[in-house]
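my_file-v4.cif (mmCIF, C-alpha atoms and all ligand atoms)
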```cif
data_input
loop_
_atom_site.group_PDB
_atom_site.id
_atom_site.type_symbol
_atom_site.label_atom_id
_atom_site.label_comp_id
_atom_site.auth_asym_id
_atom_site.auth_seq_id
_atom_site.Cartn_x
_atom_site.Cartn_y
_atom_site.Cartn_z
ATOM 1 C CA MET A 1 -81.531 51.550 68.383
ATOM 2 C CA ILE A 2 -82.259 55.264 68.968
ATOM 3 C CA LYS A 3 -85.956 54.546 69.487
ATOM 4 C CA GLN A 4 -85.224 51.814 72.035
ATOM 5 C CA LEU A 5 -82.867 54.070 73.958
ATOM 6 C CA GLN A 6 -85.430 56.886 73.900
ATOM 7 C CA GLU A 7 -88.136 54.595 75.274
ATOM 8 C CA ARG A 8 -85.904 53.064 77.919
ATOM 9 C CA PHE A 9 -84.380 56.265 79.258
ATOM 10 C CA ALA A 10 -87.182 58.811 78.774
ATOM 11 C CA GLN A 11 -87.169 61.340 81.637
ATOM 12 C CA PRO A 12 -86.862 65.100 82.076
ATOM 13 C CA GLY A 13 -83.399 66.445 81.316
ATOM 14 C CA VAL A 14 -82.556 63.516 79.000
ATOM 15 C CA ARG A 15 -82.466 63.811 75.211
ATOM 16 C CA ILE A 16 -81.450 61.004 72.889
ATOM 17 C CA TYR A 17 -80.980 61.782 69.217
ATOM 18 C CA ARG A 18 -79.018 60.839 66.143
ATOM 19 C CA HIS A 19 -76.075 62.717 64.645
ATOM 20 C CA GLY A 20 -75.019 61.119 61.355
ATOM 21 C CA LYS A 21 -74.998 57.408 62.177
ATOM 22 C CA LEU A 22 -74.233 57.936 65.862
ATOM 23 C CA ALA A 23 -76.570 58.018 68.844
ATOM 24 C CA MET A 24 -76.148 60.968 71.201
ATOM 25 C CA LEU A 25 -77.211 61.243 74.843
ATOM 26 C CA GLU A 26 -77.630 64.759 76.194
ATOM 27 C CA LEU A 27 -78.099 65.246 79.937
ATOM 28 C CA SER A 28 -79.039 68.638 81.267
ATOM 29 C CA ASN A 29 -79.762 70.096 84.676
ATOM 30 C CA ALA A 30 -79.290 73.354 86.608
ATOM 31 C CA HIS A 31 -75.494 72.996 86.300
ATOM 32 C CA GLY A 32 -75.360 72.732 82.521
ATOM 33 C CA SER A 33 -75.385 70.014 79.897
ATOM 34 C CA VAL A 34 -73.185 67.174 78.704
ATOM 35 C CA THR A 35 -73.372 65.119 75.501
ATOM 36 C CA ILE A 36 -71.973 61.610 75.116
ATOM 37 C CA THR A 37 -71.985 59.168 72.223
ATOM 38 C CA PRO A 38 -71.909 55.402 72.856
ATOM 39 C CA LEU A 39 -69.168 55.142 70.192
ATOM 40 C CA GLY A 40 -66.182 54.898 72.524
ATOM 41 C CA ALA A 41 -68.362 56.272 75.369
ATOM 42 C CA THR A 42 -66.970 59.617 74.268
ATOM 43 C CA VAL A 43 -68.053 62.859 75.934
ATOM 44 C CA LEU A 44 -68.460 65.372 73.086
ATOM 45 C CA SER A 45 -69.700 68.481 74.859
ATOM 46 C CA TYR A 46 -69.746 70.064 78.302
ATOM 47 C CA MET A 47 -71.566 73.345 78.592
ATOM 48 C CA PRO A 48 -71.649 74.726 82.148
ATOM 49 C CA THR A 49 -74.647 76.946 82.891
ATOM 50 C CA GLY A 50 -73.778 80.580 82.192
ATOM 51 C CA GLY A 51 -70.468 79.505 80.665
ATOM 52 C CA GLU A 52 -69.110 78.429 77.318
ATOM 53 C CA GLU A 53 -68.415 75.082 75.682
ATOM 54 C CA ALA A 54 -65.417 73.510 77.424
ATOM 55 C CA ILE A 55 -64.803 70.614 75.017
ATOM 56 C CA TRP A 56 -63.366 70.834 71.511
ATOM 57 C CA VAL A 57 -64.695 68.710 68.650
ATOM 58 C CA SER A 58 -63.359 69.085 65.142
ATOM 59 C CA GLU A 59 -65.661 70.691 62.577
ATOM 60 C CA THR A 60 -64.535 67.998 60.143
ATOM 61 C CA ALA A 61 -65.091 65.092 62.556
ATOM 62 C CA VAL A 62 -66.728 61.993 61.085
ATOM 63 C CA TYR A 63 -70.032 60.742 62.536
ATOM 64 C CA ASP A 64 -70.474 57.590 60.473
ATOM 65 C CA GLY A 65 -69.150 55.174 63.106
ATOM 66 C CA SER A 66 -66.154 54.146 60.985
ATOM 67 C CA LYS A 67 -63.737 55.765 63.457
ATOM 68 C CA PRO A 68 -63.777 57.775 66.681
ATOM 69 C CA VAL A 69 -65.060 61.356 66.509
ATOM 70 C CA ARG A 70 -62.005 63.668 66.425
ATOM 71 C CA GLY A 71 -62.161 65.593 69.689
ATOM 72 C CA GLY A 72 -64.209 65.196 72.862
ATOM 73 C CA ILE A 73 -62.867 62.913 75.576
ATOM 74 C CA PRO A 74 -61.868 59.609 73.969
ATOM 75 C CA VAL A 75 -61.236 56.663 76.290
ATOM 76 C CA CYS A 76 -57.743 55.283 75.614
ATOM 77 C CA TRP A 77 -57.575 51.741 76.999
ATOM 78 C CA PRO A 78 -55.919 49.217 77.564
ATOM 79 C CA TRP A 79 -52.907 51.030 76.165
ATOM 80 C CA PHE A 80 -52.018 54.666 75.684
ATOM 81 C CA GLY A 81 -50.241 55.795 72.487
ATOM 82 C CA ALA A 82 -48.618 53.125 70.344
ATOM 83 C CA HIS A 83 -49.103 49.511 71.458
ATOM 84 C CA PRO A 84 -46.041 48.600 73.577
ATOM 85 C CA ASP A 85 -45.044 45.559 71.435
ATOM 86 C CA ASP A 86 -47.073 45.648 68.239
ATOM 87 C CA PRO A 87 -46.928 48.841 66.143
ATOM 88 C CA ALA A 88 -49.575 47.382 63.791
ATOM 89 C CA LYS A 89 -52.238 47.745 66.500
ATOM 90 C CA LYS A 90 -54.232 50.960 66.620
ATOM 91 C CA ALA A 91 -52.874 53.748 68.818
ATOM 92 C CA HIS A 92 -54.621 54.328 72.153
ATOM 93 C CA GLY A 93 -56.269 50.890 72.339
ATOM 94 C CA PHE A 94 -59.605 49.627 71.112
ATOM 95 C CA ALA A 95 -62.047 51.090 73.656
ATOM 96 C CA ARG A 96 -62.498 54.344 71.737
ATOM 97 C CA HIS A 97 -63.442 52.382 68.591
ATOM 98 C CA ALA A 98 -66.032 50.145 70.291
ATOM 99 C CA GLN A 99 -69.778 50.631 70.688
ATOM 100 C CA TRP A 100 -70.473 50.822 74.434
ATOM 101 C CA GLU A 101 -73.826 49.998 75.957
ATOM 102 C CA LEU A 102 -75.752 52.708 77.762
ATOM 103 C CA VAL A 103 -76.910 50.918 80.920
ATOM 104 C CA SER A 104 -78.287 53.647 83.165
ATOM 105 C CA VAL A 105 -79.359 57.268 83.261
ATOM 106 C CA ASN A 106 -80.310 59.007 86.495
ATOM 107 C CA GLN A 107 -81.475 62.472 87.393
ATOM 108 C CA SER A 108 -81.567 62.830 91.158
ATOM 109 C CA GLY A 109 -80.650 65.339 93.854
ATOM 110 C CA GLY A 110 -79.463 67.879 91.287
ATOM 111 C CA THR A 111 -76.981 65.452 89.699
ATOM 112 C CA ALA A 112 -77.385 63.968 86.231
ATOM 113 C CA GLU A 113 -75.571 60.695 85.663
ATOM 114 C CA ALA A 114 -75.104 58.139 82.922
ATOM 115 C CA THR A 115 -73.176 54.874 82.820
ATOM 116 C CA PHE A 116 -71.863 53.050 79.746
ATOM 117 C CA CYS A 117 -70.372 49.530 79.750
ATOM 118 C CA LEU A 118 -68.071 47.556 77.517
ATOM 119 C CA ASP A 119 -67.354 43.852 78.052
ATOM 120 C CA SER A 120 -64.757 41.674 76.421
ATOM 121 C CA SER A 121 -66.010 39.791 73.370
ATOM 122 C CA ASP A 122 -64.592 37.773 70.486
ATOM 123 C CA ALA A 123 -64.009 41.090 68.695
ATOM 124 C CA THR A 124 -61.986 42.630 71.550
ATOM 125 C CA GLN A 125 -60.157 39.361 72.242
ATOM 126 C CA ALA A 126 -59.055 39.183 68.624
ATOM 127 C CA ILE A 127 -57.102 42.377 69.429
ATOM 128 C CA TRP A 128 -56.259 41.873 73.115
ATOM 129 C CA ALA A 129 -56.696 38.640 75.077
ATOM 130 C CA GLY A 130 -58.029 40.099 78.351
ATOM 131 C CA ASP A 131 -61.422 39.231 79.841
ATOM 132 C CA PHE A 132 -62.679 42.575 81.156
ATOM 133 C CA HIS A 133 -65.599 44.701 82.237
ATOM 134 C CA LEU A 134 -65.337 48.466 81.688
ATOM 135 C CA GLU A 135 -67.676 51.149 82.995
ATOM 136 C CA LEU A 136 -67.632 54.806 82.119
ATOM 137 C CA ASN A 137 -69.650 56.952 84.483
ATOM 138 C CA VAL A 138 -70.412 60.591 83.612
ATOM 139 C CA SER A 139 -71.766 62.789 86.380
ATOM 140 C CA LEU A 140 -72.923 66.389 85.901
ATOM 141 C CA ASP A 141 -72.981 68.446 89.076
ATOM 142 C CA THR A 142 -71.247 71.749 89.859
ATOM 143 C CA ARG A 143 -68.382 70.104 87.909
ATOM 144 C CA LEU A 144 -68.235 67.325 85.344
ATOM 145 C CA THR A 145 -66.835 64.049 86.695
ATOM 146 C CA ILE A 146 -65.896 61.194 84.366
ATOM 147 C CA SER A 147 -64.765 57.862 85.818
ATOM 148 C CA LEU A 148 -63.450 54.865 83.933
ATOM 149 C CA THR A 149 -63.493 51.641 85.960
ATOM 150 C CA ALA A 150 -61.723 48.586 84.580
ATOM 151 C CA GLU A 151 -62.220 45.164 86.128
ATOM 152 C CA ASN A 152 -59.794 42.352 85.379
ATOM 153 C CA ARG A 153 -61.855 39.160 84.949
ATOM 154 C CA SER A 154 -58.920 37.204 83.483
ATOM 155 C CA GLU A 155 -56.756 34.658 85.252
ATOM 156 C CA ALA A 156 -53.707 36.692 84.315
ATOM 157 C CA ASP A 157 -52.512 40.053 85.627
ATOM 158 C CA TRP A 158 -52.345 42.892 83.090
ATOM 159 C CA ASN A 159 -50.052 45.770 82.362
ATOM 160 C CA ILE A 160 -52.294 48.751 81.627
ATOM 161 C CA SER A 161 -51.736 52.252 80.310
ATOM 162 C CA GLU A 162 -54.728 54.514 79.737
ATOM 163 C CA ALA A 163 -56.061 58.034 79.366
ATOM 164 C CA LEU A 164 -59.164 60.147 79.327
ATOM 165 C CA HIS A 165 -57.883 62.090 76.320
ATOM 166 C CA SER A 166 -59.700 65.396 76.931
ATOM 167 C CA TYR A 167 -59.663 67.974 74.135
ATOM 168 C CA PHE A 168 -60.430 71.428 75.575
ATOM 169 C CA ARG A 169 -61.835 74.281 73.515
ATOM 170 C CA VAL A 170 -59.762 77.410 74.085
ATOM 171 C CA ARG A 171 -59.588 80.909 72.587
ATOM 172 C CA ASP A 172 -55.953 80.485 71.612
ATOM 173 C CA ALA A 173 -53.604 77.726 72.696
ATOM 174 C CA ARG A 174 -50.538 79.718 71.650
ATOM 175 C CA GLY A 175 -48.796 81.016 74.752
ATOM 176 C CA MET A 176 -51.449 79.612 77.075
ATOM 177 C CA LEU A 177 -50.329 79.027 80.639
ATOM 178 C CA ILE A 178 -50.950 75.654 82.293
ATOM 179 C CA GLU A 179 -50.327 75.693 86.014
ATOM 180 C CA GLY A 180 -49.700 72.639 88.168
ATOM 181 C CA LEU A 181 -47.098 70.677 86.198
ATOM 182 C CA GLU A 182 -44.048 72.598 87.367
ATOM 183 C CA GLY A 183 -41.396 70.518 89.131
ATOM 184 C CA LEU A 184 -42.351 67.325 87.256
ATOM 185 C CA ARG A 185 -40.336 65.043 85.002
ATOM 186 C CA TYR A 186 -41.684 64.576 81.510
ATOM 187 C CA MET A 187 -41.112 62.722 78.261
ATOM 188 C CA ASP A 188 -41.205 64.971 75.199
ATOM 189 C CA LYS A 189 -42.546 63.288 72.057
ATOM 190 C CA VAL A 190 -41.747 66.428 70.034
ATOM 191 C CA ARG A 191 -38.047 65.979 70.923
ATOM 192 C CA ALA A 192 -37.952 62.264 69.999
ATOM 193 C CA GLY A 193 -38.731 61.044 73.511
ATOM 194 C CA ALA A 194 -36.193 63.260 75.326
ATOM 195 C CA ARG A 195 -36.621 63.408 79.101
ATOM 196 C CA ASP A 196 -36.594 66.715 80.936
ATOM 197 C CA LEU A 197 -37.781 68.585 84.008
ATOM 198 C CA GLN A 198 -40.582 71.155 83.828
ATOM 199 C CA ASP A 199 -39.107 73.866 86.008
ATOM 200 C CA GLU A 200 -41.813 76.525 85.512
ATOM 201 C CA PRO A 201 -45.549 76.569 84.788
ATOM 202 C CA LEU A 202 -45.984 75.267 81.249
ATOM 203 C CA ARG A 203 -46.364 77.865 78.492
ATOM 204 C CA VAL A 204 -47.937 76.091 75.508
ATOM 205 C CA THR A 205 -45.833 76.657 72.394
ATOM 206 C CA PRO A 206 -47.274 74.281 69.758
ATOM 207 C CA PRO A 207 -46.301 71.697 68.824
ATOM 208 C CA VAL A 208 -46.338 70.301 72.320
ATOM 209 C CA ASP A 209 -46.673 66.596 73.208
ATOM 210 C CA ARG A 210 -45.499 65.818 76.735
ATOM 211 C CA VAL A 211 -46.245 63.044 79.188
ATOM 212 C CA PHE A 212 -45.731 64.326 82.744
ATOM 213 C CA PHE A 213 -44.941 61.634 85.298
ATOM 214 C CA ASP A 214 -45.974 61.126 88.912
ATOM 215 C CA HIS A 215 -48.564 63.870 88.767
ATOM 216 C CA THR A 216 -51.585 63.309 90.985
ATOM 217 C CA GLY A 217 -52.883 66.870 91.493
ATOM 218 C CA ALA A 218 -54.967 69.418 89.618
ATOM 219 C CA VAL A 219 -53.969 71.652 86.732
ATOM 220 C CA ILE A 220 -55.396 75.003 85.775
ATOM 221 C CA LEU A 221 -55.663 76.011 82.156
ATOM 222 C CA HIS A 222 -55.512 79.801 81.835
ATOM 223 C CA ASP A 223 -57.535 80.630 78.737
ATOM 224 C CA ALA A 224 -57.929 84.269 77.611
ATOM 225 C CA ASP A 225 -60.979 85.018 79.752
ATOM 226 C CA ARG A 226 -61.684 81.880 81.750
ATOM 227 C CA ARG A 227 -59.982 79.189 83.779
ATOM 228 C CA ILE A 228 -60.554 75.469 83.313
ATOM 229 C CA MET A 229 -59.658 73.328 86.320
ATOM 230 C CA ILE A 230 -58.849 69.674 85.765
ATOM 231 C CA ASP A 231 -58.584 67.523 88.858
ATOM 232 C CA LYS A 232 -58.201 63.757 89.032
ATOM 233 C CA VAL A 233 -58.103 60.532 91.032
ATOM 234 C CA GLY A 234 -56.379 57.223 90.212
ATOM 235 C CA SER A 235 -54.014 58.917 87.765
ATOM 236 C CA GLN A 236 -50.228 59.311 87.898
ATOM 237 C CA SER A 237 -49.621 61.002 84.535
ATOM 238 C CA THR A 238 -50.880 64.098 82.759
ATOM 239 C CA VAL A 239 -50.462 64.507 79.017
ATOM 240 C CA VAL A 240 -50.447 67.879 77.254
ATOM 241 C CA TRP A 241 -50.812 67.897 73.483
ATOM 242 C CA ASN A 242 -51.344 70.376 70.687
ATOM 243 C CA PRO A 243 -50.152 69.296 67.226
ATOM 244 C CA GLY A 244 -49.252 72.785 65.928
ATOM 245 C CA ALA A 245 -49.623 73.778 62.257
ATOM 246 C CA GLU A 246 -47.502 71.045 60.711
ATOM 247 C CA GLY A 247 -48.855 68.270 62.939
ATOM 248 C CA ALA A 248 -52.446 69.322 62.243
ATOM 249 C CA ARG A 249 -51.868 68.987 58.480
ATOM 250 C CA GLU A 250 -51.011 65.316 59.008
ATOM 251 C CA LEU A 251 -54.006 64.600 61.230
ATOM 252 C CA ALA A 252 -57.189 63.062 59.948
ATOM 253 C CA ASP A 253 -60.456 64.922 60.569
ATOM 254 C CA MET A 254 -58.922 68.218 61.630
ATOM 255 C CA SER A 255 -58.795 71.319 59.453
ATOM 256 C CA ASP A 256 -55.401 72.962 58.965
ATOM 257 C CA GLU A 257 -56.546 76.087 60.822
ATOM 258 C CA ALA A 258 -58.208 74.487 63.877
ATOM 259 C CA TRP A 259 -55.167 73.634 66.041
ATOM 260 C CA PRO A 260 -54.998 76.974 67.981
ATOM 261 C CA GLU A 261 -58.585 76.365 69.249
ATOM 262 C CA MET A 262 -57.736 73.213 71.174
ATOM 263 C CA VAL A 263 -55.405 71.813 73.747
ATOM 264 C CA CYS A 264 -55.470 68.309 75.184
ATOM 265 C CA VAL A 265 -54.840 67.941 78.913
ATOM 266 C CA GLU A 266 -55.258 64.250 79.590
ATOM 267 C CA THR A 267 -55.779 62.373 82.829
ATOM 268 C CA ALA A 268 -53.636 59.302 82.300
ATOM 269 C CA ASN A 269 -51.451 56.458 83.498
ATOM 270 C CA ALA A 270 -48.874 56.289 80.742
ATOM 271 C CA LEU A 271 -45.363 55.037 79.961
ATOM 272 C CA ASP A 272 -43.445 55.007 83.306
ATOM 273 C CA ASN A 273 -46.816 55.114 85.113
ATOM 274 C CA ALA A 274 -48.332 52.098 83.375
ATOM 275 C CA TYR A 275 -49.496 49.767 86.167
ATOM 276 C CA THR A 276 -50.327 46.154 86.930
ATOM 277 C CA LEU A 277 -54.000 45.356 87.296
ATOM 278 C CA GLU A 278 -54.089 42.015 89.052
ATOM 279 C CA SER A 279 -56.553 39.259 88.259
ATOM 280 C CA GLY A 280 -59.859 39.931 90.039
ATOM 281 C CA GLN A 281 -58.973 43.570 90.786
ATOM 282 C CA SER A 282 -60.371 46.809 89.410
ATOM 283 C CA HIS A 283 -59.055 50.317 88.984
ATOM 284 C CA THR A 284 -60.859 53.639 88.520
ATOM 285 C CA LEU A 285 -59.428 56.586 86.618
ATOM 286 C CA THR A 286 -61.321 59.820 87.248
ATOM 287 C CA THR A 287 -61.137 63.265 85.740
ATOM 288 C CA VAL A 288 -63.048 66.233 87.188
ATOM 289 C CA ILE A 289 -63.545 69.297 84.998
ATOM 290 C CA GLY A 290 -64.605 72.684 86.281
ATOM 291 C CA ALA A 291 -65.036 75.467 83.740
HETATM 292 O O1 LIG A 301 -52.060 62.164 73.715
HETATM 293 C C1 LIG A 301 -51.256 62.745 72.770
HETATM 294 C C2 LIG A 301 -51.196 61.834 71.562
HETATM 295 O O2 LIG A 301 -50.705 60.562 71.930
HETATM 296 C C3 LIG A 301 -50.322 62.493 70.464
HETATM 297 O O3 LIG A 301 -49.039 61.946 70.383
HETATM 298 C C4 LIG A 301 -51.177 62.362 69.213
HETATM 299 O O4 LIG A 301 -50.862 61.261 68.496
HETATM 300 C C5 LIG A 301 -52.564 62.347 69.808
HETATM 301 O O5 LIG A 301 -52.505 61.665 71.023
HETATM 302 C C6 LIG A 301 -53.741 61.940 68.949
HETATM 303 O O6 LIG A 301 -53.743 60.620 68.637
HETATM 304 P P1 LIG A 301 -54.787 60.055 67.590
HETATM 305 O O7 LIG A 301 -54.479 58.578 67.531
HETATM 306 O O8 LIG A 301 -56.164 60.345 68.124
HETATM 307 O O9 LIG A 301 -54.527 60.770 66.293
#
```
Show me this structure written as structure tokens.
Amino acid sequence: MIKQLQERFAQPGVRIYRHGKLAMLELSNAHGSVTITPLGATVLSYMPTGGEEAIWVSETAVYDGSKPVRGGIPVCWPWFGAHPDDPAKKAHGFARHAQWELVSVNQSGGTAEATFCLDSSDATQAIWAGDFHLELNVSLDTRLTISLTAENRSEADWNISEALHSYFRVRDARGMLIEGLEGLRYMDKVRAGARDLQDEPLRVTPPVDRVFFDHTGAVILHDADRRIMIDKVGSQSTVVWNPGAEGARELADMSDEAWPEMVCVETANALDNAYTLESGQSHTLTTVIGA
């Protein structure tokens, strides 16, 4: 498979290689580089030119294809978190577990772009009945733009929740300031689903696991010596998560010491912001990362 991809997409600024059992696509240009694996169409690295790695991936992540890589930007679809009716189904949907097809790679006008697709199949319909077409487009310019487009090809309308579950690499999550969520209502998973109002800019005190509602703007992550800006389109929720020491011990593929190096700030439509995607319609969820 690697050889076929290499032959099909050979061009300057494109590298296709294997890591463990997974294929990796690396795009690079004057603005930096981005690495994506077709497993879940997961972005695993974003290195802006002259800057530092913006994305966190666990040192103990598994690359054998048996499960998603811990870290990066997993695609959570067609549900976010636990399945709304069936707790036996895997959290965050099936899209992050599926092998997506790399359908195009383009280097033009200073922008590097790649598109991955996932279509419904017997395997997906054994989990979820919908007939769908998904596209994940990754575009590397002065910022990194990731867009997930879902098309409903079923007769029925769907109720969808979703997220681009971005793990950011930070110097120290403890006490980190996240600006842009103040004034919003949120659901706090750490406090058993309690609802509250974020009255000030968020100070991360792990464990933190909040779904902020009706948020359509940008947030700024204030790391020790850099700012990461996360903007978005087609998203009504933002999720902030860091498991803290105890939570990290219970997590697969994450060392007990790694939790201060990461914080998830996720572009989402979750819980109260789940939406109806009507038959024949499509929706695009976009996250834009500037580091
Ligand atoms: O987005 C936050 C969250 O839903 C947390 O509650 C935590 O479970 C996390 O995602 C990671 O989920 P995962 O299924 O990848 O272990």
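Under the PyMOL selection byres (((chain A and resi 179-184) around 9) and not hetatm), the matching residues in the shown file are Leu177, Ile178, Arg185, Tyr186, Asp196, Leu197, Gln198, Asp199, Glu200, Pro201, Leu202, Arg203, Phe212, Phe213, Asp214, His215, Gly217, Ala218, Val219, Ile220, Leu221, His222 and Thr238 of chain A.
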Which residues of segment 42-158 of chain A come within 10 Å of segment 225-230 of chain A, and what is each one's closest atom pair and distance in Å (one decimal), counting only C-alpha atoms, sorted by chain and residue number, as CSV?
```
residue,atom,partner,partner_atom,distance
A:Gly51,CA,A:Arg226,CA,9.2
A:Glu52,CA,A:Arg226,CA,9.3
A:Ala54,CA,A:Ile228,CA,7.9
A:Arg143,CA,A:Met229,CA,9.4
A:Leu144,CA,A:Ile230,CA,9.7
A:Thr145,CA,A:Ile230,CA,9.8
```
**Asked** So which residues touch Ser45 of chain A within 6 Å, counting all atoms listed in the file, skipping near sequence neighbours fewer than 5 positions away, as a count of residues only?
**Response** 3
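What the PyMOL selection byres (((chain A and resi 286-290) around 8) and not hetatm) matches in the given file is Thr142, Arg143, Leu144, Thr145, Ile146, Ser147, Leu148, Leu164, Ile228, Met229, Ile230, Asp231, Lys232, Val233, Gly234, Ser235, Thr267, Thr284, Leu285 and Ala291 of chain A.
The residue that comes closest to Glu101 of chain A, out of A:Asn137, A:Pro206, A:Trp128, A:Ala88 and on the basis of all atoms listed in the file, is A:Asn137.
Taking atom CA of Ser166 of chain A and atom CA of Leu140 of chain A as the two end points, the separation is 16.0 Å.
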**Test item: residues lying within 9 Å of ligand LIG 301 (chain A) with all atoms listed in the file, as a ChimeraX atom specification** = /A:68,70-71,74,80-82,90-92,163,165-166,189-190,208-211,239-243,247,251-252,264-266
**Result set of the PyMOL selection byres (((chain A and resi 153) around 8) and not hetatm) on the coordinates above, as a PyMOL selection string** = chain A and resi 130-133+151-152+154-155+279-281
**Request:** Enter the distance from atom CA of Pro12 of chain A to atom CA of Asn29 of chain A, in Å, rounded to one decimal.
**Result:** 9.1 Å
**Prompt:** Got a sec: who's within 6 Å of Glu135 of chain A, counting all atoms listed in the file, leaving out chain neighbours fewer than 2 positions off, as a list of chain:residue names?
**Reply:** A:Phe116, A:Cys117, A:Leu148, A:Thr149
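Atom pair atom CA of Ala95 of chain A / atom CA of Ser33 of chain A has a distance of 24.0 Å (rounded to one decimal).
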**Message:** Neighbouring residues of Ser161 of chain A were defined as those with any atom within 7 Å, considering only C-alpha atoms; residues of the same chain fewer than 5 positions away were excluded. Please report them as an MDAnalysis selection string.
**Reply:** chainID A and resid 77:80 269:271 274:275
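Among the candidates A:Ala268, A:Leu27, A:Leu102, A:Met47, the residue lying nearest to Arg8 of chain A is A:Leu102 (atoms considered: only C-alpha atoms).
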**Message:** Report as a VMD selection string all protein, DNA and RNA residues lying within 10 Å of Asn106 of chain A, evaluated on only C-alpha atoms, omitting residues in the same chain fewer than 6 positions from it.
**Reply:** chain A and resid 9 11 to 14 27 112 to 115 139
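In terms of minimum interatomic distance to Val43 of chain A, A:Gly72 ranks closest within A:Val57, A:Gln99, A:Gly72, A:Ala150, counting all atoms listed in the file.
The smallest atom-to-atom distance between Thr216 of chain A and any of A:Ala10, A:Gly193, A:Gln236, A:Asp119, using only C-alpha atoms, is found for A:Gln236.
Among A:Gly20, A:Pro84, A:Gly40, A:Pro260, the residue with the shortest atom-to-atom distance to Asp64 of chain A, counting all atoms listed in the file, is A:Gly20.
Ranking A:Trp259, A:Trp56, A:Ala156, A:Val75 by their shortest atom-to-atom distance to Glu278 of chain A, with all atoms listed in the file included, puts A:Ala156 first.
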Is it possible to add N, CA, C and O atoms to segment 146-157 of chain A and hand it back as a CSV table (one decimal), in the frame of the given file?
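Result file selection.csv:
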```
chain,number,residue,atom,x,y,z
A,146,ILE,N,-65.9,62.4,85.3
A,146,ILE,CA,-65.9,61.2,84.4
A,146,ILE,C,-65.0,60.1,85.0
A,146,ILE,O,-63.8,60.4,85.2
A,147,SER,N,-65.5,58.9,85.2
A,147,SER,CA,-64.8,57.9,85.8
A,147,SER,C,-64.8,56.6,84.9
A,147,SER,O,-65.8,56.2,84.5
A,148,LEU,N,-63.6,56.1,84.7
A,148,LEU,CA,-63.4,54.9,83.9
A,148,LEU,C,-63.0,53.8,84.9
A,148,LEU,O,-61.9,53.9,85.5
A,149,THR,N,-63.9,52.8,85.1
A,149,THR,CA,-63.5,51.6,86.0
A,149,THR,C,-63.2,50.4,85.1
A,149,THR,O,-64.1,50.0,84.3
A,150,ALA,N,-62.1,49.8,85.3
A,150,ALA,CA,-61.7,48.6,84.6
A,150,ALA,C,-61.6,47.4,85.6
A,150,ALA,O,-60.9,47.6,86.6
A,151,GLU,N,-62.3,46.3,85.3
A,151,GLU,CA,-62.2,45.2,86.1
A,151,GLU,C,-61.5,44.1,85.4
A,151,GLU,O,-61.9,43.7,84.2
A,152,ASN,N,-60.5,43.4,86.0
A,152,ASN,CA,-59.8,42.4,85.4
A,152,ASN,C,-60.5,41.0,85.7
A,152,ASN,O,-60.4,40.5,86.8
A,153,ARG,N,-61.2,40.4,84.7
A,153,ARG,CA,-61.9,39.2,84.9
A,153,ARG,C,-61.1,38.0,84.4
A,153,ARG,O,-61.6,36.9,84.2
A,154,SER,N,-59.8,38.3,84.0
A,154,SER,CA,-58.9,37.2,83.5
A,154,SER,C,-58.2,36.5,84.6
A,154,SER,O,-58.2,37.0,85.8
A,155,GLU,N,-57.6,35.4,84.3
A,155,GLU,CA,-56.8,34.7,85.3
A,155,GLU,C,-55.4,35.4,85.4
A,155,GLU,O,-54.8,35.4,86.5
A,156,ALA,N,-55.0,36.1,84.3
A,156,ALA,CA,-53.7,36.7,84.3
A,156,ALA,C,-53.8,38.1,84.8
A,156,ALA,O,-54.8,38.8,84.7
A,157,ASP,N,-52.6,38.6,85.3
A,157,ASP,CA,-52.5,40.1,85.6
A,157,ASP,C,-52.3,40.8,84.3
A,157,ASP,O,-51.7,40.2,83.4
```
